[in-house]
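A.B. asks: One structure, as structure tokens, below. Some questions next.
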Amino acid sequence: MNVNQVLDTLLQRNPEMQNNPMAKQMIDVIRSGDSAKGQQIANNLCKSNGVSPQDAIKQAQQFFGLK
Amino acid sequence: MMVPQRTQQYDAFGRPISSYGDRMSMGIPYNYGPPNAMRNNPPAVPPGQQPAPGIPGRPVSCEQEIKPSEVPMDGGISVFPTQDLQRIYVKGWDYNGNLNTLVFVQEMPVAQSSPENTGVVPIQTDEIIKRLDRIEQMLGPMTPETEAKGGESK
């Protein structure tokens with residue numbers, strides 16, 4: 001299963017995301033494969049939320065049950 | 001001559017379906033109240049659906065009190081007025097993951113300028129009096145006769 005399939009499943013399960021311009025923008029960045037842009041957005045989100053990137057990764061791993 | 005024929009229909013249990021449609025056969029009661037009573041009722045919100053909220057936000061005492069999680073990431077904005085209404089913080093996420101803030105500050109009313117408290121008129125009056133004094137000196141000392149002549153010549 002590639003990233004696009006994951007995104008498709010995510011959108012199917014959360015159809016309200018289609019009406020969310022921010023979510024659409026971020027999904028477009030993921031689909032485009034622009035990792036630099038994705039990292040920039042992630043860093044900005046961490047900075048805005050007052051969380052270090054390392055802590056954010058840990059929280060994401062816990063959220064998705066990866067650790 | 002063609003006569004419309006009505007065929008009797010039966011449900012799954014072999015019971016005839018009445019001409020009133022499925023309503024009676026499905027056990028849905030009719031409303032026997034006055035017809036306008038139903039029309040005047042506001043439409044009920046379907047269960048499970050929340051009514052559309054307004055602009056999110058709340059009164060705050062300072063900007064630091066606002067958590068980023070209070071601003072929805074749906075492209076909209078949140079409004080946080082201070083409790084004394086001196087400032088209004090409007091926050092929203094941009095597409096790059098930055099939380100932007102607009103601050104609206106109450107415009108303080110400007111004090112009405114009056115001649116008494118500005119001091120502009122007394123300075124101008126002084127200037128005018130000085131000029132008159134200079135003119136008077138140039139014309140020479142004013143006597144009642146010259147004043148009368150001057151008054152007649154006008």
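Chain labels A, B, ... are given in the sequence in which chains occur in the structure tokens; within each chain residues are numbered consecutively from 1, and ligands are likewise numbered from 1 in the order shown.
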Within 9 Å of chain A, which residues of chain B come that close, and what is the closest atom pair and distance in Å for each? Count only C-alpha atoms and give it as JSON lines.
C.D. replies:
{"residue": "B:Lys67", "atom": "CA", "partner": "A:Asn49", "partner_atom": "CA", "distance": 8.0}
{"residue": "B:Pro68", "atom": "CA", "partner": "A:Asn49", "partner_atom": "CA", "distance": 5.8}
{"residue": "B:Ser69", "atom": "CA", "partner": "A:Asn49", "partner_atom": "CA", "distance": 7.7}
{"residue": "B:Met73", "atom": "CA", "partner": "A:Met22", "partner_atom": "CA", "distance": 6.6}
{"residue": "B:Asp74", "atom": "CA", "partner": "A:Asn20", "partner_atom": "CA", "distance": 5.1}
{"residue": "B:Gly75", "atom": "CA", "partner": "A:Met22", "partner_atom": "CA", "distance": 5.6}
{"residue": "B:Trp93", "atom": "CA", "partner": "A:Met22", "partner_atom": "CA", "distance": 8.3}
{"residue": "B:Asp94", "atom": "CA", "partner": "A:Met22", "partner_atom": "CA", "distance": 7.6}
{"residue": "B:Tyr95", "atom": "CA", "partner": "A:Met22", "partner_atom": "CA", "distance": 5.8}
{"residue": "B:Asn96", "atom": "CA", "partner": "A:Ile41", "partner_atom": "CA", "distance": 4.9}
{"residue": "B:Gly97", "atom": "CA", "partner": "A:Leu45", "partner_atom": "CA", "distance": 4.7}
{"residue": "B:Asn98", "atom": "CA", "partner": "A:Asn44", "partner_atom": "CA", "distance": 5.5}
{"residue": "B:Leu99", "atom": "CA", "partner": "A:Ser48", "partner_atom": "CA", "distance": 5.9}
A.B. asks: Using the selection just defined, write its residues with N, CA, C and O atoms as a short mmCIF file (atom, residue, chain, number, x, y, z; two decimals), in the first residue's frame.
C.D. replies:
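After the write, result_1.cif holds the following:
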data_model
loop_
_atom_site.label_atom_id
_atom_site.label_comp_id
_atom_site.auth_asym_id
_atom_site.auth_seq_id
_atom_site.Cartn_x
_atom_site.Cartn_y
_atom_site.Cartn_z
N LYS B 67 -4.32 28.80 23.48
CA LYS B 67 -3.57 27.62 23.06
C LYS B 67 -3.76 27.42 21.56
O LYS B 67 -4.84 27.66 21.04
N PRO B 68 -2.72 26.94 20.88
CA PRO B 68 -2.87 26.69 19.43
C PRO B 68 -3.98 25.69 19.12
O PRO B 68 -4.61 25.77 18.08
N SER B 69 -4.22 24.78 20.05
CA SER B 69 -5.26 23.77 19.80
C SER B 69 -6.66 24.38 19.80
O SER B 69 -7.61 23.73 19.36
N MET B 73 -8.04 23.77 12.59
CA MET B 73 -7.23 23.73 11.37
C MET B 73 -8.14 23.43 10.17
O MET B 73 -7.96 22.45 9.46
N ASP B 74 -9.13 24.26 9.99
CA ASP B 74 -10.06 24.06 8.89
C ASP B 74 -10.07 25.25 7.93
O ASP B 74 -11.00 25.40 7.14
N GLY B 75 -9.06 26.08 8.05
CA GLY B 75 -9.00 27.25 7.17
C GLY B 75 -9.76 28.44 7.72
O GLY B 75 -9.74 29.51 7.13
N TRP B 93 -4.69 29.51 11.07
CA TRP B 93 -3.54 28.77 10.50
C TRP B 93 -3.42 29.09 9.03
O TRP B 93 -4.44 29.19 8.34
N ASP B 94 -2.18 29.25 8.56
CA ASP B 94 -2.00 29.37 7.12
C ASP B 94 -1.63 28.00 6.55
O ASP B 94 -1.52 27.02 7.28
N TYR B 95 -1.45 27.95 5.24
CA TYR B 95 -1.22 26.66 4.59
C TYR B 95 0.18 26.11 4.85
O TYR B 95 0.48 24.99 4.47
N ASN B 96 1.03 26.91 5.48
CA ASN B 96 2.39 26.43 5.76
C ASN B 96 2.56 25.99 7.21
O ASN B 96 3.69 25.78 7.66
N GLY B 97 1.48 25.91 7.94
CA GLY B 97 1.57 25.45 9.32
C GLY B 97 1.91 26.54 10.31
O GLY B 97 2.28 26.25 11.44
N ASN B 98 1.79 27.78 9.90
CA ASN B 98 2.06 28.90 10.82
C ASN B 98 0.73 29.40 11.41
O ASN B 98 -0.27 29.50 10.69
N LEU B 99 0.80 29.71 12.68
CA LEU B 99 -0.38 30.27 13.34
C LEU B 99 -0.25 31.79 13.32
O LEU B 99 0.59 32.37 14.01
#
A.B. asks: Tell me which protein, DNA and RNA residues are within 9 Å of Gly76 (chain B), counting only C-alpha atoms, leaving out same-chain ones fewer than 5 positions away, and put them as a list in words.
C.D. replies: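 The residues satisfying every condition are Ile55, Pro56, Val71, Lys91, Gly92 and Trp93 of chain B.
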A.B. asks: Just how far from CA of Thr101 (chain B) is CA of Gln59 (chain A), in Å to one decimal?
C.D. replies: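 Atom-to-atom, CA of Gln59 (chain A) and CA of Thr101 (chain B) are spaced 26.1 Å apart.
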A.B. asks: Do you know which residues are at most 7 Å from Val90 (chain B) counting only C-alpha atoms, after dropping those on the same chain fewer than 2 positions away, and could you put them as a list in words?
C.D. replies: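 So, after excluding close chain neighbours, the residues are Ile77, Ser78, Val79, Phe80, Ile88, Gly92, Thr101, Leu102 and Val103 of chain B.
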A.B. asks: May I have the residues from that selection written out with N, CA, C and O atoms, as an mmCIF file, in the first residue's frame?
C.D. replies:
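Written file, result-v5.cif:
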data_model
loop_
_atom_site.group_PDB
_atom_site.id
_atom_site.type_symbol
_atom_site.label_atom_id
_atom_site.label_comp_id
_atom_site.auth_asym_id
_atom_site.auth_seq_id
_atom_site.Cartn_x
_atom_site.Cartn_y
_atom_site.Cartn_z
ATOM 1 N N ILE B 77 -11.012 31.012 11.166
ATOM 2 C CA ILE B 77 -10.339 31.834 12.164
ATOM 3 C C ILE B 77 -11.022 31.652 13.516
ATOM 4 O O ILE B 77 -12.152 31.171 13.584
ATOM 5 N N SER B 78 -10.309 32.034 14.558
ATOM 6 C CA SER B 78 -10.883 32.084 15.901
ATOM 7 C C SER B 78 -10.689 33.489 16.444
ATOM 8 O O SER B 78 -9.672 34.126 16.170
ATOM 9 N N VAL B 79 -11.658 33.923 17.211
ATOM 10 C CA VAL B 79 -11.638 35.302 17.715
ATOM 11 C C VAL B 79 -11.550 35.267 19.239
ATOM 12 O O VAL B 79 -12.328 34.574 19.896
ATOM 13 N N PHE B 80 -10.574 35.998 19.774
ATOM 14 C CA PHE B 80 -10.347 36.015 21.221
ATOM 15 C C PHE B 80 -10.317 37.464 21.710
ATOM 16 O O PHE B 80 -9.265 38.097 21.683
ATOM 17 N N ILE B 88 -8.596 42.635 20.438
ATOM 18 C CA ILE B 88 -9.219 41.413 19.901
ATOM 19 C C ILE B 88 -8.139 40.684 19.105
ATOM 20 O O ILE B 88 -7.542 41.250 18.177
ATOM 21 N N GLY B 92 -5.516 32.366 13.043
ATOM 22 C CA GLY B 92 -5.827 31.393 12.000
ATOM 23 C C GLY B 92 -4.566 30.742 11.478
ATOM 24 O O GLY B 92 -3.495 31.357 11.485
ATOM 25 N N THR B 101 -1.546 35.732 13.710
ATOM 26 C CA THR B 101 -2.366 36.493 14.655
ATOM 27 C C THR B 101 -2.569 37.912 14.145
ATOM 28 O O THR B 101 -1.609 38.575 13.745
ATOM 29 N N LEU B 102 -3.807 38.322 14.132
ATOM 30 C CA LEU B 102 -4.139 39.729 13.872
ATOM 31 C C LEU B 102 -4.613 40.324 15.188
ATOM 32 O O LEU B 102 -5.394 39.697 15.901
ATOM 33 N N VAL B 103 -4.128 41.501 15.495
ATOM 34 C CA VAL B 103 -4.532 42.155 16.744
ATOM 35 C C VAL B 103 -5.294 43.430 16.395
ATOM 36 O O VAL B 103 -4.776 44.289 15.679
#
A.B. asks: Just to confirm, what's the straight-line distance from CA of Ile30 (chain A) to CA of Val6 (chain A) in Å (one decimal)?
C.D. replies: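 CA of Ile30 (chain A) sits 10.8 Å away from CA of Val6 (chain A).
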A.B. asks: From the set A:Gln39, A:Leu10, A:Pro15, A:Gly65, which residue has the shortest atom-to-atom contact distance to Ile27 (chain A), counting only C-alpha atoms?
C.D. replies: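 The answer is A:Leu10, which sits nearest to Ile27 (chain A).
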A.B. asks: Would you compute the distance between CA of Thr82 (chain B) and CA of Cys62 (chain B)? Give it in Å to one decimal.
C.D. replies: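 Computing the Euclidean distance for CA of Thr82 (chain B) and CA of Cys62 (chain B) yields 6.6 Å.
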